[in-house]
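Visitor: Encoded as structure tokens, here's the structure I'll be asking about.
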Amino acid sequence: MSYARKLPGYLVNRFRGWRATHYAENKSWFRHLAQEGQHPRSMLIACCDSRVHVTAIFGADQGEFFIHRNIANLVPPYTPDGDHHGTSAAVEYAVTALKVAHLLVVGHSNCGGVRGCHDMCAGKAPELASGSSFVGNWMEILRPGYEATAEFTDPEARIAAMEKQAVRISINNLMTFPFVREAVENETLTLHGLWHDIGEGGLEAYDPETDSFASVL
């Protein structure tokens with residue numbers, strides 16, 4: 001039995017439109033990318049959320065960013081245990097092979113993964129806490145962020161604070177990777193934490209010296 005199906009018609013039409021316009025107008029650039037390989041200056045770790053369009057936010061074209069997306073834009077701590085680690089593999093490749101100069105963790109408002117972590121930690125999502133949930137196990141990375149926001153009595157305010165905790169925790173976890181720490185200490189790599197407000201179109205940057213986020217505008 002085959003599980004594959006034909007590509008939906010609307011995607012076929014969009015591809016044809018892209019090929020007839022954007023690709024046709026930039027054919028030499030695409031061929032250059034194919035022949036010369038990728039040389040991105042930055043890696044972006046963003047959420048899988050379909051509303052977070054990181055290339056559009058920064059007006060980026062093909063070849064500019066090495067992008068990895070996962071639930072709630074989290075980076076786990078360095079764990080060389082021989083298991084499968086997609087995010088860690090992407091970070092390793094970006095830093096050691098592509099030698100990116102900047103690594104950005106991009107959080108965002110109204111994050112469903114962060115809300116799920118909040119509910120799991122609060123005992124309101126037993127399906128995530130069951131131990132068999134891939135999402136629940138992944139969101140354990142953010143549990144320290146739940147604990148760090150205990151002063152918030154309003155659940156919505158706490159979830160919003162946890163979105164930025166996800167960025168902090170990911171930045172700290174990045175520094176547990178030996179090759180990341182070495183590159184940062186050698187000043188060949190800089191780490192950046194960002195939080196994007198989807199509805200308002202805002203962008204805030206994390207300042208480690210003040211442990212706070214401020215608008216980039």
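For the structure tokens, the naming scheme is as follows: chains receive sequential letters (A, B, ...) according to their order of presentation, residues are indexed from 1 within each chain, and ligands are indexed from 1 in presentation order.
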Residues at most 8 Å from segment 139-148 of chain A, counting only C-alpha atoms, excluding those fewer than 3 positions away in the same chain, as a ChimeraX atom specification?
Guide: /A:74-76,113-114,116-118,121,135-136,151,158,162,165-166,169
Visitor: Please provide as a ChimeraX atom specification all residues within 12 Å of segment 170-172 of chain A, with the sequence filter that same-chain residues fewer than 4 positions apart are discarded (counting only C-alpha atoms).
Guide: /A:45-46,72-78,87-88,91,103-107,139,141-142,144-145,163-166,176-177,180-181,184,190-194,206-208,211
Visitor: Which residues are close to Ile198 of chain A, i.e. within 9 Å by only C-alpha atoms, leaving aside same-chain residues fewer than 6 positions away? Reply as a list in words.
Guide: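 My list of contacting residues is Arg51, Val52, His108, Ser109 and Asn110 of chain A.
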Visitor: Among segment 12-93 of chain A, which ones does DSSP assign to helix (DSSP H, G or I) (computed from the backbone)? Answer as JSON, numbers by chain.
Guide: {"A": [12, 13, 14, 15, 16, 17, 18, 19, 20, 21, 22, 23, 24, 25, 27, 28, 29, 30, 31, 32, 33, 34, 35, 36, 54, 55, 56, 57, 71, 72, 73, 86, 87, 88, 89, 90, 91, 92, 93]}
Visitor: Got a sec: who's within 12 Å of segment 62-65 of chain A, counting only C-alpha atoms, leaving out chain neighbours fewer than 6 positions off, as a PyMOL selection string?
Guide: chain A and resi 22-23+26+29-34+36-46+54-56+94+98+100-104
Visitor: Write down as a list of chain:residue names the residues belonging to segment 55-127 of chain A that are assigned strand (DSSP E) by DSSP computed on the backbone.
Guide: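 Filtering segment 55-127 of chain A to strand (DSSP E) leaves A:Phe65, A:Phe66, A:Ile67, A:His68, A:Arg69, A:Asn70, A:His102, A:Leu103, A:Leu104, A:Val105, A:Val106, A:Gly107, A:His108.
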